[in-house]
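Colleague: Contents of query-v8.txt (compact mmCIF, C-alpha atoms) are below:
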# COMPACT_ATOMS: atom_id res chain seq x y z
CA LEU J 1 20.80 -4.35 18.39
CA GLU J 2 23.61 -1.99 19.39
CA ARG J 3 23.92 -0.72 15.81
CA LEU J 4 20.29 0.21 15.36
CA THR J 5 20.21 3.65 16.96
CA ASP J 6 23.63 4.63 15.64
CA ASP J 7 22.83 3.63 12.06
CA VAL J 8 19.84 5.53 10.69
CA ALA J 9 19.61 3.20 7.68
CA LEU J 10 19.32 0.13 9.91
CA TRP J 11 16.77 1.84 12.14
CA ARG J 12 14.76 2.69 9.01
CA THR J 13 14.96 -0.95 7.86
CA TRP J 14 13.57 -2.16 11.16
CA ALA J 15 10.88 0.55 11.26
CA LEU J 16 9.70 -0.33 7.75
CA THR J 17 9.59 -4.00 8.74
CA LEU J 18 7.49 -3.07 11.76
CA SER J 19 5.08 -1.13 9.52
CA ARG J 20 4.39 -4.34 7.61
CA PHE J 21 4.49 -6.78 10.55
CA HIS J 22 3.22 -4.75 13.50
CA ARG J 23 1.32 -7.75 14.90
CA TYR J 24 4.54 -9.80 15.14
CA SER J 25 6.64 -9.90 18.29
CA LEU J 26 9.53 -7.50 18.73
CA ALA J 27 12.02 -10.37 18.36
CA ASN J 28 10.43 -11.51 15.11
CA THR J 29 10.47 -8.03 13.58
CA PHE J 30 14.20 -7.91 14.35
CA LEU J 31 14.67 -11.35 12.77
CA ILE J 32 12.73 -10.51 9.60
CA ALA J 33 14.50 -7.18 9.21
CA ALA J 34 17.90 -8.86 9.59
CA GLN J 35 17.23 -11.72 7.18
CA ARG J 36 14.87 -10.33 4.53
CA PRO J 37 14.14 -6.63 5.07
CA GLU J 38 12.13 -6.35 1.85
CA ALA J 39 9.60 -8.98 2.99
CA THR J 40 5.94 -7.98 2.81
CA TYR J 41 3.85 -11.11 3.48
CA VAL J 42 5.25 -14.26 5.07
CA ALA J 43 3.86 -17.73 5.76
CA GLY J 44 5.08 -21.26 6.35
CA TYR J 45 5.67 -23.77 3.53
CA ARG J 46 2.40 -25.64 4.03
CA ARG J 47 0.38 -22.47 4.53
CA TRP J 48 1.54 -21.20 1.14
CA GLN J 49 0.40 -24.50 -0.37
CA GLN J 50 -3.02 -24.05 1.24
CA LEU J 51 -3.18 -20.64 -0.41
CA GLY J 52 -2.45 -22.19 -3.81
CA ARG J 53 1.17 -21.11 -3.99
CA GLN J 54 4.44 -23.04 -3.93
CA VAL J 55 7.79 -22.01 -2.48
CA GLN J 56 10.29 -21.90 -5.31
CA LYS J 57 13.09 -24.45 -5.34
CA GLY J 58 16.29 -23.27 -3.67
CA GLU J 59 14.69 -20.44 -1.70
CA ARG J 60 16.17 -19.78 1.72
CA GLY J 61 13.55 -19.29 4.41
CA ILE J 62 13.30 -16.72 7.18
CA ALA J 63 13.82 -18.13 10.67
CA ILE J 64 11.44 -16.69 13.26
CA LEU J 65 10.21 -17.74 16.70
CA ALA J 66 6.89 -19.46 17.36
CA PRO J 67 5.39 -19.96 20.84
CA LEU J 68 5.25 -23.40 22.44
CA VAL J 69 2.09 -23.81 24.50
CA LYS J 70 0.45 -26.52 26.52
CA LYS J 71 -2.99 -26.86 28.03
CA ALA J 72 -3.26 -24.94 31.27
CA PRO J 73 -4.08 -26.87 34.45
CA ALA J 74 -7.43 -26.15 36.05
CA ASP J 75 -5.85 -23.98 38.78
CA ALA J 76 -3.80 -21.81 36.36
CA ALA J 77 -6.40 -19.06 36.08
CA GLY J 78 -4.69 -15.73 36.36
CA ASP J 79 -1.22 -17.22 35.89
CA PRO J 80 0.94 -14.52 34.26
CA LEU J 81 2.38 -17.15 31.91
CA THR J 82 -1.01 -17.89 30.43
CA ASP J 83 -1.07 -16.90 26.76
CA SER J 84 -3.87 -14.37 26.48
CA ASP J 85 -4.20 -15.03 22.73
CA THR J 86 -4.89 -18.72 23.37
CA PRO J 87 -7.40 -19.17 26.23
CA GLY J 88 -6.71 -22.20 28.37
CA SER J 89 -3.07 -22.57 27.34
CA VAL J 90 0.26 -21.79 28.99
CA LEU J 91 3.36 -20.49 27.22
CA ILE J 92 6.29 -22.83 27.96
CA GLY J 93 8.88 -21.57 25.49
CA PHE J 94 9.63 -20.89 21.85
CA LYS J 95 10.78 -22.86 18.83
CA THR J 96 12.38 -21.78 15.57
CA VAL J 97 10.15 -22.05 12.51
CA THR J 98 10.78 -21.17 8.88
CA VAL J 99 8.59 -18.84 6.83
CA PHE J 100 8.89 -17.53 3.28
CA ASP J 101 8.01 -14.18 1.74
CA ILE J 102 5.41 -14.08 -1.03
CA THR J 103 8.14 -13.09 -3.50
CA GLN J 104 9.73 -16.50 -2.89
CA THR J 105 6.60 -18.28 -4.08
CA THR J 106 4.70 -18.80 -7.33
CA GLY J 107 1.12 -19.78 -8.01
CA ALA J 108 -2.38 -18.44 -7.55
CA PRO J 109 -2.59 -14.65 -7.31
CA LEU J 110 -3.71 -13.32 -3.94
CA ALA J 111 -5.94 -10.33 -3.33
CA LEU J 112 -3.53 -8.35 -1.15
CA PRO J 113 -4.05 -4.77 0.07
CA THR J 114 -1.92 -2.22 -1.75
CA PRO J 115 -0.83 0.94 0.11
CA VAL J 116 -1.94 4.11 -1.62
CA LEU J 117 0.13 7.26 -1.15
CA LEU J 118 -1.77 10.08 0.47
CA THR J 119 -2.20 13.29 -1.49
CA ASP J 120 -2.69 16.64 0.21
CA ASP J 121 -6.46 16.26 -0.18
CA THR J 122 -6.64 12.73 1.25
CA GLY J 123 -4.14 13.61 3.97
CA ALA J 124 -6.26 16.58 5.03
CA ALA J 125 -9.42 14.46 5.04
CA LEU J 126 -7.73 11.75 7.12
CA PHE J 127 -6.46 14.35 9.58
CA ASP J 128 -9.98 15.73 10.04
CA THR J 129 -11.39 12.24 10.54
CA VAL J 130 -8.75 11.33 13.12
CA VAL J 131 -9.20 14.55 15.10
CA THR J 132 -13.00 14.40 15.00
CA HIS J 133 -13.60 10.72 15.66
CA LEU J 134 -10.49 8.93 16.92
CA MET J 135 -8.35 11.14 19.13
CA PRO J 136 -8.62 10.34 22.85
CA VAL J 137 -7.40 13.85 23.77
CA PRO J 138 -8.26 17.37 22.52
CA VAL J 139 -6.31 18.78 19.55
CA THR J 140 -5.93 22.53 19.06
CA GLN J 141 -3.83 24.82 16.86
CA ALA J 142 -1.67 27.81 17.69
CA SER J 143 0.87 30.08 16.06
CA ARG J 144 4.40 28.82 15.61
CA ALA J 145 5.65 31.64 17.82
CA THR J 146 3.40 30.47 20.63
CA LEU J 147 4.87 26.98 20.30
CA ARG J 148 8.45 28.34 20.30
CA ASP J 149 8.94 27.20 16.69
CA ALA J 150 7.86 23.60 17.37
CA ASN J 151 5.58 21.81 14.92
CA GLY J 152 3.52 20.44 17.78
CA VAL J 153 3.42 20.01 21.54
CA TRP J 154 1.89 17.45 23.88
CA ASP J 155 1.12 19.00 27.26
CA PRO J 156 0.75 16.20 29.84
CA ALA J 157 -0.47 18.65 32.46
CA THR J 158 -3.55 19.68 30.45
CA ARG J 159 -3.61 16.48 28.36
CA THR J 160 -3.87 18.52 25.17
CA ILE J 161 -2.10 18.36 21.79
CA THR J 162 -1.38 21.68 20.11
CA LEU J 163 -0.20 21.88 16.48
CA ALA J 164 1.36 24.79 14.62
CA ASP J 165 -1.27 26.43 12.43
CA ASP J 166 0.99 26.79 9.38
CA LEU J 167 1.72 23.09 8.69
CA ALA J 168 1.07 21.53 5.30
CA PRO J 169 -1.49 18.67 5.41
CA ALA J 170 1.08 15.85 5.28
CA GLN J 171 3.29 17.42 7.95
CA ARG J 172 0.28 18.20 10.09
CA LEU J 173 -0.86 14.57 10.04
CA LYS J 174 2.66 13.30 10.79
CA THR J 175 3.02 15.75 13.68
CA LEU J 176 -0.34 14.66 15.06
CA LEU J 177 0.87 11.03 15.06
CA HIS J 178 4.07 12.09 16.84
CA GLU J 179 2.23 13.96 19.59
CA TRP J 180 -0.36 11.18 19.87
CA ALA J 181 2.52 8.77 20.51
CA HIS J 182 3.77 11.09 23.28
CA SER J 183 0.32 11.12 24.86
CA ILE J 184 0.45 7.33 25.20
CA GLY J 185 3.93 7.14 26.73
CA VAL J 186 3.80 10.32 28.80
CA PRO J 187 0.18 10.45 29.96
CA ASP J 188 0.70 12.93 32.82
CA ALA J 189 3.14 15.40 34.34
CA ALA J 190 4.50 12.88 36.86
CA VAL J 191 5.62 10.51 34.10
CA ALA J 192 7.01 13.43 32.08
CA ARG J 193 9.38 14.36 34.90
CA GLN J 194 10.82 10.82 34.91
CA ARG J 195 11.14 10.22 31.17
CA ASP J 196 14.44 10.44 29.30
CA VAL J 197 13.77 13.17 26.73
CA ALA J 198 16.06 11.71 24.04
CA GLU J 199 14.56 8.24 24.28
CA GLU J 200 11.03 9.63 24.28
CA GLU J 201 11.69 11.59 21.10
CA ILE J 202 13.12 8.51 19.36
CA ILE J 203 10.04 6.54 20.34
CA ALA J 204 7.50 9.18 19.28
CA GLU J 205 9.11 9.99 15.93
CA THR J 206 9.71 6.36 15.01
CA THR J 207 6.12 5.54 15.95
CA ALA J 208 4.92 8.38 13.72
CA PHE J 209 7.13 7.17 10.86
CA VAL J 210 5.86 3.58 11.12
CA VAL J 211 2.19 4.54 11.33
CA ALA J 212 2.50 7.16 8.57
CA THR J 213 4.16 4.56 6.34
CA ARG J 214 1.31 2.16 7.03
CA LEU J 215 -1.16 4.90 6.03
CA GLY J 216 0.67 5.64 2.78
CA LEU J 217 2.51 8.77 3.88
CA ASP J 218 6.28 8.93 3.31
CA THR J 219 7.87 10.96 6.13
CA SER J 220 11.40 9.55 5.87
CA ALA J 221 12.95 12.84 4.71
CA TYR J 222 11.92 14.42 8.01
CA SER J 223 11.72 11.48 10.42
CA LEU J 224 15.01 9.72 9.77
CA PRO J 225 17.44 12.62 10.28
CA TYR J 226 15.36 13.54 13.36
CA VAL J 227 15.69 10.05 14.80
CA GLY J 228 19.39 9.92 13.97
CA HIS J 229 20.00 13.16 15.85
CA TRP J 230 18.31 11.95 19.02
CA ALA J 231 19.58 8.38 18.90
CA ARG J 232 23.34 8.86 18.91
CA GLY J 233 25.18 7.55 21.93
CA LYS J 234 22.37 5.47 23.43
CA PRO J 235 22.88 1.91 22.14
CA GLU J 236 22.02 0.39 25.51
CA ALA J 237 18.43 1.59 25.14
CA VAL J 238 17.71 -0.08 21.80
CA ARG J 239 15.55 -2.92 23.05
CA SER J 240 13.42 -0.83 25.42
CA VAL J 241 13.00 1.91 22.81
CA ALA J 242 12.03 -0.58 20.09
CA ALA J 243 9.61 -2.31 22.44
CA ALA J 244 7.97 1.01 23.30
CA VAL J 245 7.69 1.89 19.61
CA THR J 246 6.05 -1.47 18.89
CA GLU J 247 3.53 -1.00 21.70
CA ARG J 248 2.54 2.52 20.63
CA VAL J 249 2.34 1.55 16.94
CA ARG J 250 -0.15 -1.15 17.87
CA VAL J 251 -2.27 1.30 19.87
CA LEU J 252 -2.39 3.85 17.05
CA LEU J 253 -3.03 1.33 14.28
CA ALA J 254 -5.74 -0.37 16.32
CA ALA J 255 -7.51 2.99 16.60
CA LEU J 256 -6.95 3.84 12.95
Rewrite the structure from the file as structure tokens, please.
Modeller:
Amino acid sequence: LERLTDDVALWRTWALTLSRFHRYSLANTFLIAAQRPEATYVAGYRRWQQLGRQVQKGERGIAILAPLVKKAPADAAGDPLTDSDTPGSVLIGFKTVTVFDITQTTGAPLALPTPVLLTDDTGAALFDTVVTHLMPVPVTQASRATLRDANGVWDPATRTITLADDLAPAQRLKTLLHEWAHSIGVPDAAVARQRDVAEEEIIAETTAFVVATRLGLDTSAYSLPYVGHWARGKPEAVRSVAAAVTERVRVLLAAL
């Protein structure tokens, strides 16, 4: 964990893993990234068989954590340990299970979604759709001079996102994702006064990178040097930063 924010390449590896496995727990995204960073679709041995595929002989699996649950007693309603994804059950721990990536299997072809890279036209159309139908806060544009040369600004006092009016479609969409991430983590001026600026920038830009990747937009040339600049010297914050990124990615992707 300590190496993640000091090593941009490792942070990118984890972020790309999160873009493919955003529904997995934070611990499991770390485990997949560490063991098989190129993984795209994983399942257990028997699950692959159910799908008409067979794990190839000699393949080494990926160890991840699976929850151990038991039936909740009748008076456990409202217990914070109750697993919200499994009504009527209580989380009692975790066990190690082994999964395999699809590239480690052979057999029946699967109809899997294939990411399509956004062009300027599709990026512009997606931006318009997001702003018109999905954004929970107003989005405006202003001159770069007004924004003091920033690509975009989230103002928690007015709860408004403002973007520079000279951005290319791809950069405009990426910046919107960045400021949207800020609006989730810094919803008002009181929170803004308490937030660590460096950590907040790592979280927002990594969130934008992960979501943009999921949408088919490659922002690594901009996002990764940016993250590297803000991340240096803060290894103790890795887990909390990664957890915040995971939470905001889920919010944005759920909306999108």
Colleague: Looking at all atoms listed in the file, which of J:His182, J:Arg46, J:Arg239, J:Lys174 is the one that sits closest to J:Val137?
Modeller: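 Of J:His182, J:Arg46, J:Arg239, J:Lys174, the one nearest J:Val137 is J:His182, counting all atoms listed in the file.
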Colleague: To one decimal in Å, tell me the separation between atom CA of J:Thr17 and atom CA of J:Thr119.
Modeller: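 So the two atoms, atom CA of J:Thr17 and atom CA of J:Thr119, lie 23.3 Å apart.
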Colleague: Using all atoms listed in the file, list the residues that have an atom at most 10 Å from (-1.8, 11.8, 13.2), coordinates as in the file, as number ranges by chain.
Modeller: J: 123, 126-131, 134-135, 170-181, 208, 211-212, 215, 252, 256
Colleague: Which is closer to J:Leu112 than all the others in J:Tyr41, J:Asn28, J:Leu68, J:Arg250, using all atoms listed in the file?
Modeller: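 Once distances to J:Leu112 are computed over all atoms listed in the file, the minimum belongs to J:Tyr41.
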Colleague: Could you check which of J:Ala190, J:Ala168, J:Ala43, J:Ala204 is closest to J:Val153, using only C-alpha atoms?
Modeller: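 Nearest to J:Val153: J:Ala204.
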Colleague: Calculate how many Å separate atom CA of J:Thr106 from atom CA of J:Gln56, rounding to one decimal.
Modeller: 6.7 Å
Colleague: Could I get stretch 154-225 of chain J from the block written out with C-alpha atoms, as a PDB file, in the first residue's frame?
Modeller:
ATOM      1  CA  TRP J 154     -16.250  23.116  -8.011  1.00  0.00           C
ATOM      2  CA  ASP J 155     -17.635  25.828  -5.735  1.00  0.00           C
ATOM      3  CA  PRO J 156     -19.059  24.185  -2.595  1.00  0.00           C
ATOM      4  CA  ALA J 157     -20.538  27.487  -1.434  1.00  0.00           C
ATOM      5  CA  THR J 158     -22.811  27.840  -4.482  1.00  0.00           C
ATOM      6  CA  ARG J 159     -22.798  24.108  -5.291  1.00  0.00           C
ATOM      7  CA  THR J 160     -21.929  24.843  -8.910  1.00  0.00           C
ATOM      8  CA  ILE J 161     -19.389  23.377 -11.361  1.00  0.00           C
ATOM      9  CA  THR J 162     -17.781  25.814 -13.772  1.00  0.00           C
ATOM     10  CA  LEU J 163     -15.693  24.615 -16.733  1.00  0.00           C
ATOM     11  CA  ALA J 164     -13.296  26.571 -18.927  1.00  0.00           C
ATOM     12  CA  ASP J 165     -15.000  27.414 -22.210  1.00  0.00           C
ATOM     13  CA  ASP J 166     -12.004  26.528 -24.403  1.00  0.00           C
ATOM     14  CA  LEU J 167     -11.681  22.805 -23.552  1.00  0.00           C
ATOM     15  CA  ALA J 168     -11.656  20.139 -26.245  1.00  0.00           C
ATOM     16  CA  PRO J 169     -14.550  17.636 -25.929  1.00  0.00           C
ATOM     17  CA  ALA J 170     -12.484  14.849 -24.339  1.00  0.00           C
ATOM     18  CA  GLN J 171     -10.827  17.186 -21.831  1.00  0.00           C
ATOM     19  CA  ARG J 172     -14.138  18.838 -21.070  1.00  0.00           C
ATOM     20  CA  LEU J 173     -15.747  15.492 -20.212  1.00  0.00           C
ATOM     21  CA  LYS J 174     -12.766  14.427 -18.083  1.00  0.00           C
ATOM     22  CA  THR J 175     -12.800  17.745 -16.219  1.00  0.00           C
ATOM     23  CA  LEU J 176     -16.524  17.395 -15.608  1.00  0.00           C
ATOM     24  CA  LEU J 177     -15.907  13.962 -14.028  1.00  0.00           C
ATOM     25  CA  HIS J 178     -13.152  15.458 -11.851  1.00  0.00           C
ATOM     26  CA  GLU J 179     -15.344  18.285 -10.565  1.00  0.00           C
ATOM     27  CA  TRP J 180     -18.295  15.925 -10.134  1.00  0.00           C
ATOM     28  CA  ALA J 181     -16.067  13.785  -7.903  1.00  0.00           C
ATOM     29  CA  HIS J 182     -15.248  16.905  -5.841  1.00  0.00           C
ATOM     30  CA  SER J 183     -18.939  17.666  -5.448  1.00  0.00           C
ATOM     31  CA  ILE J 184     -19.462  14.261  -3.829  1.00  0.00           C
ATOM     32  CA  GLY J 185     -16.562  14.487  -1.374  1.00  0.00           C
ATOM     33  CA  VAL J 186     -16.743  18.207  -0.640  1.00  0.00           C
ATOM     34  CA  PRO J 187     -20.480  18.920  -0.702  1.00  0.00           C
ATOM     35  CA  ASP J 188     -20.358  22.245   1.166  1.00  0.00           C
ATOM     36  CA  ALA J 189     -18.052  24.987   2.403  1.00  0.00           C
ATOM     37  CA  ALA J 190     -17.769  23.512   5.907  1.00  0.00           C
ATOM     38  CA  VAL J 191     -16.341  20.247   4.571  1.00  0.00           C
ATOM     39  CA  ALA J 192     -14.069  22.157   2.182  1.00  0.00           C
ATOM     40  CA  ARG J 193     -12.391  23.942   5.083  1.00  0.00           C
ATOM     41  CA  GLN J 194     -11.535  20.594   6.714  1.00  0.00           C
ATOM     42  CA  ARG J 195     -10.364  18.652   3.665  1.00  0.00           C
ATOM     43  CA  ASP J 196      -6.692  18.024   2.887  1.00  0.00           C
ATOM     44  CA  VAL J 197      -6.268  19.646  -0.533  1.00  0.00           C
ATOM     45  CA  ALA J 198      -3.607  17.202  -1.768  1.00  0.00           C
ATOM     46  CA  GLU J 199      -5.619  14.133  -0.825  1.00  0.00           C
ATOM     47  CA  GLU J 200      -8.778  15.586  -2.325  1.00  0.00           C
ATOM     48  CA  GLU J 201      -7.042  16.209  -5.643  1.00  0.00           C
ATOM     49  CA  ILE J 202      -5.686  12.643  -5.736  1.00  0.00           C
ATOM     50  CA  ILE J 203      -9.175  11.316  -5.096  1.00  0.00           C
ATOM     51  CA  ALA J 204     -10.929  13.495  -7.680  1.00  0.00           C
ATOM     52  CA  GLU J 205      -8.420  12.944 -10.475  1.00  0.00           C
ATOM     53  CA  THR J 206      -8.142   9.205  -9.901  1.00  0.00           C
ATOM     54  CA  THR J 207     -11.931   8.949  -9.831  1.00  0.00           C
ATOM     55  CA  ALA J 208     -12.090  10.832 -13.140  1.00  0.00           C
ATOM     56  CA  PHE J 209      -9.422   8.554 -14.638  1.00  0.00           C
ATOM     57  CA  VAL J 210     -11.224   5.373 -13.564  1.00  0.00           C
ATOM     58  CA  VAL J 211     -14.649   6.511 -14.778  1.00  0.00           C
ATOM     59  CA  ALA J 212     -13.250   7.915 -18.036  1.00  0.00           C
ATOM     60  CA  THR J 213     -11.478   4.607 -18.670  1.00  0.00           C
ATOM     61  CA  ARG J 214     -14.735   2.755 -18.077  1.00  0.00           C
ATOM     62  CA  LEU J 215     -16.429   5.053 -20.617  1.00  0.00           C
ATOM     63  CA  GLY J 216     -13.742   4.468 -23.238  1.00  0.00           C
ATOM     64  CA  LEU J 217     -11.796   7.696 -22.776  1.00  0.00           C
ATOM     65  CA  ASP J 218      -8.025   7.465 -22.237  1.00  0.00           C
ATOM     66  CA  THR J 219      -6.941  10.313 -19.937  1.00  0.00           C
ATOM     67  CA  SER J 220      -3.704   8.749 -18.658  1.00  0.00           C
ATOM     68  CA  ALA J 221      -1.444  11.312 -20.348  1.00  0.00           C
ATOM     69  CA  TYR J 222      -3.047  14.033 -18.236  1.00  0.00           C
ATOM     70  CA  SER J 223      -4.285  12.195 -15.150  1.00  0.00           C
ATOM     71  CA  LEU J 224      -1.233  10.176 -14.166  1.00  0.00           C
ATOM     72  CA  PRO J 225       1.381  12.947 -13.977  1.00  0.00           C
TER      73      PRO J 225
END
